[in-house]
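Here's the structure, in structure tokens; my notes come after.
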Amino acid sequence: MHATEFLKAKDVAINAPVVAALTGEERSLKLSVIEAIGKAALSDGETPTKYPSKDTEWQTVKSELLTVPMWGGKRVIVIEDANEFLTDNRAALEAYCEKPSKKSVLILDLKSLPANQKIYKIINKNGAVVDCSPLKGAALTKWLQEFVKNEYGKSIAPNASALLVELVGEHLGHLEQEIGKLASYAGETQTIDAESVRKLVGDWKTETTWQMNDATRDARMGDALHALDKLLNSGSHPVMLLGGLTYTFKKYATGTELAKQGTPLGEALTQAGCWANEVQAAQSYLKRLGYAKASQLTRRLIDTDAGLKGASSLNERVQVELLLMKLAGLAE
């Protein structure tokens with residue numbers, strides 16, 4: 001079960017599992033699951049007891065698990081970074097998880113736990129294996145929408161969700177922080193829009209990325225390459241910069257295809273997700289390129305993505321510079 005589903009389950013608030021394995025890399029999800037189990041299992045004012053994997057003896061942990069809590073409730077014992085602990089104490093853990101104490105909760109914080117391992121099957125039968133891997137694609141979009149609604153009573157526009165992920169990444173903790181700022185900024189407005197995301201989220205690197213994109217669109221290559229140089233020298237990875245370019249130019253590519261099907265170009269660009277103050281410049285850009293070059297925008301982005309991931313022997317900077325020239329319509 002994924003952590004987002006686990007946290008929504010009604011019985012978590014009533015009965016915590018007596019043994020749980022948390023797998024995956026999304027730290028904020030693991031902390032949320034531990035907090036939820038703690039609220040269900042512990043007496044008021046108590047917190048989980050945490051042990052590091054290294055130098056922790058099983059007998060110490062077992063003694064804690066078998067000790068009856070003085071003030072009621074249960075004990076919650078968390079083994080952090082527990083893969084090494086599991087390797088060193090596999091047989092003992094398998095035996096304990098077969099018949100876990102009903103007065104305690106053992107949580108193993110693991111990077112991974114293959115489903116074909118015996119202990120996975122034991123924990124899944126007698127407790128819970130909770131997948132705390134990052135959300136992606138439609139699942140991440142759904143989580144964003146639900147989080148905004150449940151926490152702030154608002155909605156977030158689809159293009160705002162997409163832009164937020166492009167700027168912040170898929171880390172849920174970071175997304176939660178940015179949504180808090182956006183919800184506060186929205187005030188009485190019920191929908192968080194893409195313009196608000198662009199205005200509030202990110203730092204000077206974000207603004208410089210927009211400047212690079214706009215300069216490329218308008219064929220101001222001196223400005224575009226200067227912005228690229230600033231970003232690369234500051235440590236921005238070319239793959240991340242490609243993500244920003246893709247967000248902008250994919251809209252232009254989508255608008256091109258809608259226009260080909262008969263939708264007026266301005267309306268097509270709006271449907272593709274362009275902001276109102278961007279449509280006129282985007283129309284001028286696509287008319288300057290012509291359909292033949294405009295229809296190649298997506299292919300150019302895909303080819304560069306493959307090149308940056310190893311398909312090209314060219315230097316990464318050179319690959320991005322060539323992409324800017326091609327997107328601007330100044331190179332084939």
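If you're wondering about the labels, chains in the structure tokens are A, B, ... by order shown, residues count from 1 in each chain, ligands from 1 in order shown.
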(message) Excluding region 168-171 of chain A and its own-chain neighbours fewer than 4 positions away, which residues fall within 12 Å of it when counting only C-alpha atoms? Please give them as JSON, numbers by chain.
(response) {"A": [25, 26, 27, 28, 29, 132, 133, 134, 135, 136, 137, 139, 140, 141, 143, 144, 160, 161, 162, 163, 164, 175, 176, 177, 178, 179, 197, 198, 200, 201, 202, 203, 205, 206, 240, 243, 244]}
Store the residues picked out above, limited to N, CA and C atoms, as a short mmCIF file (atom, residue, chain, number, x, y, z; two decimals), in the first residue's frame.
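Once everything was written out, this is selection-v1.cif:
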data_model
loop_
_atom_site.label_atom_id
_atom_site.label_comp_id
_atom_site.auth_asym_id
_atom_site.auth_seq_id
_atom_site.Cartn_x
_atom_site.Cartn_y
_atom_site.Cartn_z
N GLU A 25 12.01 6.40 -0.79
CA GLU A 25 12.93 7.51 -0.55
C GLU A 25 12.25 8.81 -0.15
N GLU A 26 10.91 8.84 -0.11
CA GLU A 26 10.21 10.10 0.20
C GLU A 26 10.14 10.27 1.71
N ARG A 27 11.10 11.06 2.24
CA ARG A 27 11.24 11.20 3.69
C ARG A 27 10.00 11.80 4.33
N SER A 28 9.39 12.77 3.69
CA SER A 28 8.22 13.42 4.28
C SER A 28 7.07 12.43 4.46
N LEU A 29 6.93 11.47 3.54
CA LEU A 29 5.89 10.47 3.68
C LEU A 29 6.18 9.54 4.86
N CYS A 132 6.72 4.25 0.55
CA CYS A 132 6.92 5.70 0.68
C CYS A 132 7.79 6.23 -0.47
N SER A 133 7.59 5.69 -1.64
CA SER A 133 8.33 6.18 -2.81
C SER A 133 7.68 7.45 -3.34
N PRO A 134 8.43 8.28 -4.08
CA PRO A 134 7.87 9.54 -4.58
C PRO A 134 6.69 9.31 -5.52
N LEU A 135 5.74 10.22 -5.49
CA LEU A 135 4.62 10.20 -6.43
C LEU A 135 5.06 10.82 -7.74
N LYS A 136 4.48 10.34 -8.83
CA LYS A 136 4.80 10.88 -10.15
C LYS A 136 3.54 10.97 -10.99
N GLY A 137 3.60 11.79 -12.03
CA GLY A 137 2.55 11.85 -13.02
C GLY A 137 1.17 12.13 -12.44
N ALA A 139 -0.61 10.45 -10.34
CA ALA A 139 -0.73 10.25 -8.89
C ALA A 139 -0.28 11.49 -8.12
N LEU A 140 0.78 12.15 -8.60
CA LEU A 140 1.25 13.37 -7.94
C LEU A 140 0.25 14.51 -8.13
N THR A 141 -0.30 14.61 -9.32
CA THR A 141 -1.32 15.64 -9.59
C THR A 141 -2.53 15.45 -8.68
N TRP A 143 -2.58 13.95 -5.77
CA TRP A 143 -2.20 14.28 -4.40
C TRP A 143 -2.20 15.80 -4.19
N LEU A 144 -1.67 16.54 -5.16
CA LEU A 144 -1.64 18.00 -5.05
C LEU A 144 -3.05 18.56 -4.91
N ALA A 160 -1.29 25.10 -13.17
CA ALA A 160 -0.56 25.55 -11.98
C ALA A 160 0.13 24.36 -11.30
N SER A 161 -0.56 23.22 -11.25
CA SER A 161 0.04 22.01 -10.69
C SER A 161 1.28 21.61 -11.47
N ALA A 162 1.15 21.61 -12.80
CA ALA A 162 2.27 21.21 -13.65
C ALA A 162 3.46 22.15 -13.47
N LEU A 163 3.19 23.44 -13.42
CA LEU A 163 4.27 24.41 -13.26
C LEU A 163 4.93 24.28 -11.88
N LEU A 164 4.12 24.06 -10.87
CA LEU A 164 4.65 23.91 -9.51
C LEU A 164 5.63 22.74 -9.43
N LEU A 175 6.86 20.68 -1.81
CA LEU A 175 5.60 21.09 -2.42
C LEU A 175 4.63 21.61 -1.36
N GLU A 176 4.57 20.95 -0.22
CA GLU A 176 3.68 21.41 0.85
C GLU A 176 4.03 22.83 1.30
N GLN A 177 5.33 23.12 1.43
CA GLN A 177 5.76 24.46 1.84
C GLN A 177 5.32 25.51 0.82
N GLU A 178 5.51 25.21 -0.45
CA GLU A 178 5.16 26.19 -1.49
C GLU A 178 3.65 26.37 -1.58
N ILE A 179 2.89 25.29 -1.41
CA ILE A 179 1.43 25.39 -1.45
C ILE A 179 0.93 26.27 -0.30
N VAL A 197 1.77 30.90 -9.21
CA VAL A 197 2.92 30.01 -9.04
C VAL A 197 4.17 30.65 -9.62
N ARG A 198 4.03 31.19 -10.81
CA ARG A 198 5.19 31.81 -11.46
C ARG A 198 5.70 33.00 -10.63
N LEU A 200 5.35 33.58 -7.28
CA LEU A 200 5.77 33.35 -5.90
C LEU A 200 6.81 32.25 -5.72
N VAL A 201 6.81 31.26 -6.61
CA VAL A 201 7.63 30.08 -6.37
C VAL A 201 8.99 30.21 -7.06
N GLY A 202 10.01 29.76 -6.36
CA GLY A 202 11.34 29.76 -6.94
C GLY A 202 12.17 30.95 -6.51
N ASP A 203 13.35 31.08 -7.08
CA ASP A 203 14.28 32.14 -6.72
C ASP A 203 14.79 32.81 -7.99
N LYS A 205 17.01 31.93 -9.92
CA LYS A 205 17.24 30.95 -10.98
C LYS A 205 15.97 30.72 -11.79
N THR A 206 14.84 30.69 -11.09
CA THR A 206 13.56 30.52 -11.79
C THR A 206 13.31 31.68 -12.74
N MET A 240 17.78 19.80 -15.62
CA MET A 240 16.78 20.64 -14.97
C MET A 240 16.41 21.83 -15.87
N GLY A 243 14.03 20.80 -18.39
CA GLY A 243 12.67 20.71 -17.86
C GLY A 243 11.93 22.04 -17.98
N GLY A 244 12.64 23.14 -17.70
CA GLY A 244 12.03 24.46 -17.82
C GLY A 244 11.72 24.81 -19.27
#
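Near region 267-281 of chain A, within a cut-off of 9 Å and counting only C-alpha atoms, sit the residues Asn159, Ala194, Glu195, Asp214, Arg217, Asp218, Thr248, Lys250, Lys251, Tyr252, Ala253, Thr254, Gly255, Thr256, Glu257, Leu258, Ala259, Gly262, Thr263, Tyr285 and Leu286 of chain A, with same-chain residues fewer than 4 positions away left out.
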Keeping only N, CA, C and O atoms, write the selected residues to a file as a PDB file, in the first residue's frame.
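The resulting file, selection_15.pdb, is reproduced below:
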ATOM      1  N   ASN A 159      -2.722  23.597 -14.947  1.00  0.00           N
ATOM      2  CA  ASN A 159      -1.450  24.147 -15.415  1.00  0.00           C
ATOM      3  C   ASN A 159      -0.619  24.692 -14.260  1.00  0.00           C
ATOM      4  O   ASN A 159       0.612  24.714 -14.312  1.00  0.00           O
ATOM      5  N   ALA A 194      -1.751  29.499 -12.334  1.00  0.00           N
ATOM      6  CA  ALA A 194      -0.356  29.370 -12.757  1.00  0.00           C
ATOM      7  C   ALA A 194       0.412  30.677 -12.615  1.00  0.00           C
ATOM      8  O   ALA A 194       1.614  30.674 -12.329  1.00  0.00           O
ATOM      9  N   GLU A 195      -0.266  31.804 -12.804  1.00  0.00           N
ATOM     10  CA  GLU A 195       0.413  33.094 -12.686  1.00  0.00           C
ATOM     11  C   GLU A 195       0.907  33.308 -11.258  1.00  0.00           C
ATOM     12  O   GLU A 195       2.001  33.843 -11.036  1.00  0.00           O
ATOM     13  N   ASP A 214      12.095  33.180 -22.769  1.00  0.00           N
ATOM     14  CA  ASP A 214      11.511  34.280 -23.547  1.00  0.00           C
ATOM     15  C   ASP A 214      12.493  34.790 -24.599  1.00  0.00           C
ATOM     16  O   ASP A 214      12.102  35.089 -25.737  1.00  0.00           O
ATOM     17  N   ARG A 217      12.579  32.320 -27.460  1.00  0.00           N
ATOM     18  CA  ARG A 217      11.365  32.471 -28.268  1.00  0.00           C
ATOM     19  C   ARG A 217      11.457  33.676 -29.200  1.00  0.00           C
ATOM     20  O   ARG A 217      11.053  33.622 -30.365  1.00  0.00           O
ATOM     21  N   ASP A 218      12.043  34.767 -28.694  1.00  0.00           N
ATOM     22  CA  ASP A 218      12.112  36.006 -29.472  1.00  0.00           C
ATOM     23  C   ASP A 218      13.390  36.127 -30.288  1.00  0.00           C
ATOM     24  O   ASP A 218      13.665  37.190 -30.855  1.00  0.00           O
ATOM     25  N   THR A 248       7.759  25.302 -21.277  1.00  0.00           N
ATOM     26  CA  THR A 248       7.334  26.427 -22.127  1.00  0.00           C
ATOM     27  C   THR A 248       7.075  26.001 -23.559  1.00  0.00           C
ATOM     28  O   THR A 248       6.002  26.274 -24.122  1.00  0.00           O
ATOM     29  N   LYS A 250       6.710  23.051 -25.000  1.00  0.00           N
ATOM     30  CA  LYS A 250       5.721  22.011 -25.263  1.00  0.00           C
ATOM     31  C   LYS A 250       4.342  22.634 -25.460  1.00  0.00           C
ATOM     32  O   LYS A 250       3.526  22.133 -26.237  1.00  0.00           O
ATOM     33  N   LYS A 251       4.069  23.732 -24.756  1.00  0.00           N
ATOM     34  CA  LYS A 251       2.804  24.433 -24.954  1.00  0.00           C
ATOM     35  C   LYS A 251       2.720  24.973 -26.375  1.00  0.00           C
ATOM     36  O   LYS A 251       1.662  24.907 -27.021  1.00  0.00           O
ATOM     37  N   TYR A 252       3.833  25.502 -26.862  1.00  0.00           N
ATOM     38  CA  TYR A 252       3.842  26.027 -28.223  1.00  0.00           C
ATOM     39  C   TYR A 252       3.646  24.904 -29.241  1.00  0.00           C
ATOM     40  O   TYR A 252       2.955  25.077 -30.256  1.00  0.00           O
ATOM     41  N   ALA A 253       4.227  23.743 -28.947  1.00  0.00           N
ATOM     42  CA  ALA A 253       4.068  22.592 -29.840  1.00  0.00           C
ATOM     43  C   ALA A 253       2.617  22.116 -29.847  1.00  0.00           C
ATOM     44  O   ALA A 253       2.050  21.810 -30.914  1.00  0.00           O
ATOM     45  N   THR A 254       1.999  22.077 -28.674  1.00  0.00           N
ATOM     46  CA  THR A 254       0.600  21.663 -28.586  1.00  0.00           C
ATOM     47  C   THR A 254      -0.299  22.653 -29.309  1.00  0.00           C
ATOM     48  O   THR A 254      -1.228  22.268 -30.036  1.00  0.00           O
ATOM     49  N   GLY A 255      -0.025  23.947 -29.129  1.00  0.00           N
ATOM     50  CA  GLY A 255      -0.797  24.972 -29.836  1.00  0.00           C
ATOM     51  C   GLY A 255      -0.681  24.824 -31.342  1.00  0.00           C
ATOM     52  O   GLY A 255      -1.655  25.020 -32.078  1.00  0.00           O
ATOM     53  N   THR A 256       0.506  24.465 -31.817  1.00  0.00           N
ATOM     54  CA  THR A 256       0.722  24.258 -33.255  1.00  0.00           C
ATOM     55  C   THR A 256      -0.176  23.153 -33.790  1.00  0.00           C
ATOM     56  O   THR A 256      -0.814  23.293 -34.849  1.00  0.00           O
ATOM     57  N   GLU A 257      -0.248  22.042 -33.060  1.00  0.00           N
ATOM     58  CA  GLU A 257      -1.054  20.910 -33.516  1.00  0.00           C
ATOM     59  C   GLU A 257      -2.543  21.235 -33.470  1.00  0.00           C
ATOM     60  O   GLU A 257      -3.299  20.845 -34.365  1.00  0.00           O
ATOM     61  N   LEU A 258      -2.988  21.964 -32.445  1.00  0.00           N
ATOM     62  CA  LEU A 258      -4.396  22.360 -32.374  1.00  0.00           C
ATOM     63  C   LEU A 258      -4.752  23.300 -33.520  1.00  0.00           C
ATOM     64  O   LEU A 258      -5.842  23.214 -34.106  1.00  0.00           O
ATOM     65  N   ALA A 259      -3.816  24.204 -33.835  1.00  0.00           N
ATOM     66  CA  ALA A 259      -4.059  25.133 -34.947  1.00  0.00           C
ATOM     67  C   ALA A 259      -4.134  24.388 -36.274  1.00  0.00           C
ATOM     68  O   ALA A 259      -4.941  24.733 -37.151  1.00  0.00           O
ATOM     69  N   GLY A 262      -7.489  23.208 -37.063  1.00  0.00           N
ATOM     70  CA  GLY A 262      -8.506  24.192 -37.392  1.00  0.00           C
ATOM     71  C   GLY A 262      -8.831  25.200 -36.309  1.00  0.00           C
ATOM     72  O   GLY A 262      -9.600  26.143 -36.536  1.00  0.00           O
ATOM     73  N   THR A 263      -8.256  25.050 -35.138  1.00  0.00           N
ATOM     74  CA  THR A 263      -8.496  26.021 -34.067  1.00  0.00           C
ATOM     75  C   THR A 263      -7.694  27.287 -34.351  1.00  0.00           C
ATOM     76  O   THR A 263      -6.512  27.200 -34.682  1.00  0.00           O
ATOM     77  N   TYR A 285       5.917  34.180 -32.530  1.00  0.00           N
ATOM     78  CA  TYR A 285       7.000  33.193 -32.587  1.00  0.00           C
ATOM     79  C   TYR A 285       6.674  32.078 -33.572  1.00  0.00           C
ATOM     80  O   TYR A 285       7.484  31.750 -34.455  1.00  0.00           O
ATOM     81  N   LEU A 286       5.487  31.498 -33.453  1.00  0.00           N
ATOM     82  CA  LEU A 286       5.134  30.374 -34.317  1.00  0.00           C
ATOM     83  C   LEU A 286       4.972  30.808 -35.780  1.00  0.00           C
ATOM     84  O   LEU A 286       5.331  30.062 -36.700  1.00  0.00           O
TER      85      LEU A 286
END
(request) Quick one: pick out all alpha helix (DSSP H) residues within region 106-308 of chain A from a backbone DSSP run and write them as an MDAnalysis selection string. (result) chainID A and resid 118:126 137:152 158:168 172:186 194:200 204:217 221:233 238:260 265:271 276:289 291:294 297:306
Considering only C-alpha atoms, return as an mmCIF file with N, CA and C atoms, in the first residue's frame whatever protein or nucleic-acid residues lie within 12 Å of Gln211 (chain A), sequence-local ones (same chain, fewer than 5 positions apart) excluded.
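Final file, out.cif:
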data_model
loop_
_atom_site.group_PDB
_atom_site.id
_atom_site.type_symbol
_atom_site.label_atom_id
_atom_site.label_comp_id
_atom_site.auth_asym_id
_atom_site.auth_seq_id
_atom_site.Cartn_x
_atom_site.Cartn_y
_atom_site.Cartn_z
ATOM 1 N N TRP A 204 15.937 33.463 -7.917
ATOM 2 C CA TRP A 204 16.450 34.159 -9.094
ATOM 3 C C TRP A 204 16.709 33.189 -10.242
ATOM 4 N N LYS A 205 17.011 31.932 -9.916
ATOM 5 C CA LYS A 205 17.244 30.949 -10.978
ATOM 6 C C LYS A 205 15.969 30.724 -11.790
ATOM 7 N N THR A 206 14.835 30.694 -11.091
ATOM 8 C CA THR A 206 13.563 30.519 -11.787
ATOM 9 C C THR A 206 13.306 31.681 -12.738
ATOM 10 N N THR A 216 14.870 33.103 -26.035
ATOM 11 C CA THR A 216 14.954 32.087 -27.094
ATOM 12 C C THR A 216 13.763 32.201 -28.029
ATOM 13 N N ARG A 217 12.579 32.320 -27.460
ATOM 14 C CA ARG A 217 11.365 32.471 -28.268
ATOM 15 C C ARG A 217 11.457 33.676 -29.200
ATOM 16 N N ASP A 218 12.043 34.767 -28.694
ATOM 17 C CA ASP A 218 12.112 36.006 -29.472
ATOM 18 C C ASP A 218 13.390 36.127 -30.288
ATOM 19 N N ALA A 219 14.202 35.047 -30.317
ATOM 20 C CA ALA A 219 15.449 35.002 -31.090
ATOM 21 C C ALA A 219 16.464 36.046 -30.629
ATOM 22 N N ARG A 220 16.437 36.395 -29.348
ATOM 23 C CA ARG A 220 17.459 37.266 -28.768
ATOM 24 C C ARG A 220 18.540 36.363 -28.163
ATOM 25 N N MET A 221 19.385 35.833 -29.039
ATOM 26 C CA MET A 221 20.272 34.759 -28.612
ATOM 27 C C MET A 221 21.360 35.228 -27.660
ATOM 28 N N GLY A 222 21.764 36.480 -27.758
ATOM 29 C CA GLY A 222 22.751 36.991 -26.814
ATOM 30 C C GLY A 222 22.216 36.930 -25.395
ATOM 31 N N ASP A 223 20.962 37.362 -25.223
ATOM 32 C CA ASP A 223 20.330 37.338 -23.904
ATOM 33 C C ASP A 223 20.098 35.899 -23.436
ATOM 34 N N ALA A 224 19.678 35.041 -24.368
ATOM 35 C CA ALA A 224 19.397 33.648 -24.015
ATOM 36 C C ALA A 224 20.657 32.932 -23.547
ATOM 37 N N LEU A 225 21.749 33.114 -24.282
ATOM 38 C CA LEU A 225 23.001 32.439 -23.932
ATOM 39 C C LEU A 225 23.615 33.022 -22.666
ATOM 40 N N HIS A 226 23.421 34.322 -22.440
ATOM 41 C CA HIS A 226 23.913 34.942 -21.200
ATOM 42 C C HIS A 226 23.176 34.352 -19.999
ATOM 43 N N ALA A 227 21.854 34.195 -20.134
ATOM 44 C CA ALA A 227 21.072 33.606 -19.044
ATOM 45 C C ALA A 227 21.486 32.155 -18.817
ATOM 46 N N LEU A 228 21.696 31.415 -19.892
ATOM 47 C CA LEU A 228 22.146 30.024 -19.769
ATOM 48 C C LEU A 228 23.478 29.949 -19.044
ATOM 49 N N LYS A 230 24.719 32.034 -16.844
ATOM 50 C CA LYS A 230 24.512 32.324 -15.417
ATOM 51 C C LYS A 230 23.978 31.089 -14.691
ATOM 52 N N LEU A 231 23.037 30.418 -15.311
ATOM 53 C CA LEU A 231 22.422 29.261 -14.677
ATOM 54 C C LEU A 231 23.405 28.108 -14.534
ATOM 55 N N GLY A 244 12.639 23.144 -17.695
ATOM 56 C CA GLY A 244 12.034 24.458 -17.822
ATOM 57 C C GLY A 244 11.720 24.812 -19.271
ATOM 58 N N LEU A 245 12.637 24.470 -20.165
ATOM 59 C CA LEU A 245 12.409 24.711 -21.591
ATOM 60 C C LEU A 245 11.235 23.877 -22.099
ATOM 61 N N THR A 248 7.759 25.302 -21.277
ATOM 62 C CA THR A 248 7.334 26.427 -22.127
ATOM 63 C C THR A 248 7.075 26.001 -23.559
#
Write out as a PDB file with N, CA, C and O atoms, in the first residue's frame each polymer residue whose atoms come within 10 Å of Phe6 (chain A), counting only C-alpha atoms; drop sequence neighbours fewer than 2 positions from it.
ATOM      1  N   MET A   1       0.838  -1.192   0.000  1.00  0.00           N
ATOM      2  CA  MET A   1       0.000   0.000   0.000  1.00  0.00           C
ATOM      3  C   MET A   1       0.880   1.251   0.000  1.00  0.00           C
ATOM      4  O   MET A   1       1.844   1.329   0.752  1.00  0.00           O
ATOM      5  N   HIS A   2       0.522   2.212  -0.856  1.00  0.00           N
ATOM      6  CA  HIS A   2       1.292   3.444  -0.861  1.00  0.00           C
ATOM      7  C   HIS A   2       0.942   4.266   0.376  1.00  0.00           C
ATOM      8  O   HIS A   2      -0.169   4.197   0.911  1.00  0.00           O
ATOM      9  N   ALA A   3       1.895   5.065   0.826  1.00  0.00           N
ATOM     10  CA  ALA A   3       1.716   5.847   2.052  1.00  0.00           C
ATOM     11  C   ALA A   3       0.507   6.762   1.977  1.00  0.00           C
ATOM     12  O   ALA A   3      -0.187   6.968   2.988  1.00  0.00           O
ATOM     13  N   THR A   4       0.236   7.345   0.816  1.00  0.00           N
ATOM     14  CA  THR A   4      -0.911   8.248   0.706  1.00  0.00           C
ATOM     15  C   THR A   4      -2.225   7.512   0.977  1.00  0.00           C
ATOM     16  O   THR A   4      -3.147   8.085   1.550  1.00  0.00           O
ATOM     17  N   LYS A   8      -4.819   7.729   4.514  1.00  0.00           N
ATOM     18  CA  LYS A   8      -6.248   8.000   4.379  1.00  0.00           C
ATOM     19  C   LYS A   8      -7.112   6.920   5.011  1.00  0.00           C
ATOM     20  O   LYS A   8      -8.302   7.123   5.236  1.00  0.00           O
ATOM     21  N   ALA A   9      -6.505   5.759   5.287  1.00  0.00           N
ATOM     22  CA  ALA A   9      -7.274   4.638   5.831  1.00  0.00           C
ATOM     23  C   ALA A   9      -7.812   4.985   7.220  1.00  0.00           C
ATOM     24  O   ALA A   9      -7.061   5.416   8.096  1.00  0.00           O
ATOM     25  N   LYS A  10      -9.093   4.780   7.447  1.00  0.00           N
ATOM     26  CA  LYS A  10      -9.737   5.172   8.707  1.00  0.00           C
ATOM     27  C   LYS A  10      -9.196   4.394   9.898  1.00  0.00           C
ATOM     28  O   LYS A  10      -9.122   4.922  11.002  1.00  0.00           O
ATOM     29  N   ASP A  11      -8.805   3.126   9.679  1.00  0.00           N
ATOM     30  CA  ASP A  11      -8.402   2.315  10.823  1.00  0.00           C
ATOM     31  C   ASP A  11      -7.027   2.689  11.363  1.00  0.00           C
ATOM     32  O   ASP A  11      -6.655   2.278  12.456  1.00  0.00           O
ATOM     33  N   VAL A  12      -6.248   3.487  10.624  1.00  0.00           N
ATOM     34  CA  VAL A  12      -4.949   3.926  11.139  1.00  0.00           C
ATOM     35  C   VAL A  12      -5.142   4.773  12.388  1.00  0.00           C
ATOM     36  O   VAL A  12      -4.371   4.699  13.345  1.00  0.00           O
ATOM     37  N   VAL A  33       3.792   8.927   8.115  1.00  0.00           N
ATOM     38  CA  VAL A  33       3.309   7.605   8.528  1.00  0.00           C
ATOM     39  C   VAL A  33       3.687   7.334   9.985  1.00  0.00           C
ATOM     40  O   VAL A  33       2.866   6.856  10.778  1.00  0.00           O
ATOM     41  N   ALA A  36       1.428   9.327  12.175  1.00  0.00           N
ATOM     42  CA  ALA A  36       0.072   8.777  12.238  1.00  0.00           C
ATOM     43  C   ALA A  36       0.016   7.548  13.145  1.00  0.00           C
ATOM     44  O   ALA A  36      -0.913   7.390  13.948  1.00  0.00           O
ATOM     45  N   ALA A 128       1.992  -4.089   8.309  1.00  0.00           N
ATOM     46  CA  ALA A 128       1.828  -3.289   7.089  1.00  0.00           C
ATOM     47  C   ALA A 128       3.181  -3.007   6.449  1.00  0.00           C
ATOM     48  O   ALA A 128       4.141  -2.645   7.130  1.00  0.00           O
ATOM     49  N   VAL A 129       3.248  -3.186   5.134  1.00  0.00           N
ATOM     50  CA  VAL A 129       4.388  -2.715   4.341  1.00  0.00           C
ATOM     51  C   VAL A 129       3.896  -1.475   3.606  1.00  0.00           C
ATOM     52  O   VAL A 129       2.953  -1.543   2.819  1.00  0.00           O
ATOM     53  N   VAL A 130       4.503  -0.339   3.912  1.00  0.00           N
ATOM     54  CA  VAL A 130       4.021   0.945   3.393  1.00  0.00           C
ATOM     55  C   VAL A 130       5.039   1.512   2.405  1.00  0.00           C
ATOM     56  O   VAL A 130       6.196   1.752   2.764  1.00  0.00           O
ATOM     57  N   ASP A 131       4.598   1.715   1.185  1.00  0.00           N
ATOM     58  CA  ASP A 131       5.448   2.230   0.117  1.00  0.00           C
ATOM     59  C   ASP A 131       5.532   3.754   0.227  1.00  0.00           C
ATOM     60  O   ASP A 131       4.536   4.448   0.020  1.00  0.00           O
ATOM     61  N   CYS A 132       6.718   4.249   0.546  1.00  0.00           N
ATOM     62  CA  CYS A 132       6.925   5.699   0.676  1.00  0.00           C
ATOM     63  C   CYS A 132       7.787   6.225  -0.467  1.00  0.00           C
ATOM     64  O   CYS A 132       8.623   7.117  -0.275  1.00  0.00           O
TER      65      CYS A 132
END
(request) Per DSSP on the backbone, filter region 12-235 of chain A down to the residues in strand (DSSP E or B) and report them as a PyMOL selection string. (result) chain A and resi 19-23+49-52+75-80+104-109+128-131+155-156+191-192
(request) Quick one: pull the distance between CA of Leu265 (chain A) and CA of Lys293 (chain A), Å, one decimal. (result) 15.7 Å
(request) Using only C-alpha atoms, pick whichever of A:Leu289, A:Val76, A:Ile122, A:Leu241 has the shortest atom-to-atom distance to Ala331 (chain A). (result) A:Leu289
(request) Using CA of Ala306 (chain A) and CA of Asp229 (chain A) as the two end points, give the distance in Å to one decimal. (result) 21.6 Å
(request) Find the residue from A:Leu22, A:Leu31, A:Glu188, A:Ser104 that sits nearest to Leu172 (chain A); use only C-alpha atoms when measuring. (result) A:Leu31
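With only C-alpha atoms as the atoms that count, the minimum distance from Tyr247 (chain A) to the choices A:Leu301, A:Ala282, A:Ala292, A:Val320 is reached by A:Leu301.
Separating CA of Lys50 (chain A) from CA of Glu98 (chain A) is a distance of 22.0 Å.
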(message) Quick one: residues within 9 Å of Arg288 (chain A), only C-alpha atoms, excluding same-chain residues fewer than 4 positions away - as a VMD selection string?
(response) chain A and resid 283 to 284 329
Generate a file of the selected residues that holds all heavy atoms, formatted as a PDB file, in the first residue's frame.
ATOM      1  N   GLN A 283       2.192  33.672 -30.584  1.00  0.00           N
ATOM      2  CA  GLN A 283       1.685  33.686 -31.959  1.00  0.00           C
ATOM      3  C   GLN A 283       2.753  34.208 -32.920  1.00  0.00           C
ATOM      4  O   GLN A 283       2.996  33.620 -33.989  1.00  0.00           O
ATOM      5  CB  GLN A 283       0.443  34.570 -32.057  1.00  0.00           C
ATOM      6  CG  GLN A 283      -0.797  33.987 -31.445  1.00  0.00           C
ATOM      7  CD  GLN A 283      -2.017  34.830 -31.751  1.00  0.00           C
ATOM      8  OE1 GLN A 283      -2.625  34.721 -32.819  1.00  0.00           O
ATOM      9  NE2 GLN A 283      -2.383  35.689 -30.807  1.00  0.00           N
ATOM     10  N   SER A 284       3.392  35.309 -32.545  1.00  0.00           N
ATOM     11  CA  SER A 284       4.435  35.883 -33.401  1.00  0.00           C
ATOM     12  C   SER A 284       5.579  34.884 -33.601  1.00  0.00           C
ATOM     13  O   SER A 284       6.128  34.748 -34.695  1.00  0.00           O
ATOM     14  CB  SER A 284       4.967  37.178 -32.785  1.00  0.00           C
ATOM     15  OG  SER A 284       3.939  38.145 -32.664  1.00  0.00           O
ATOM     16  N   GLY A 329      14.714  28.846 -34.022  1.00  0.00           N
ATOM     17  CA  GLY A 329      14.561  28.801 -35.473  1.00  0.00           C
ATOM     18  C   GLY A 329      15.796  29.259 -36.223  1.00  0.00           C
ATOM     19  O   GLY A 329      15.730  29.542 -37.422  1.00  0.00           O
TER      20      GLY A 329
END
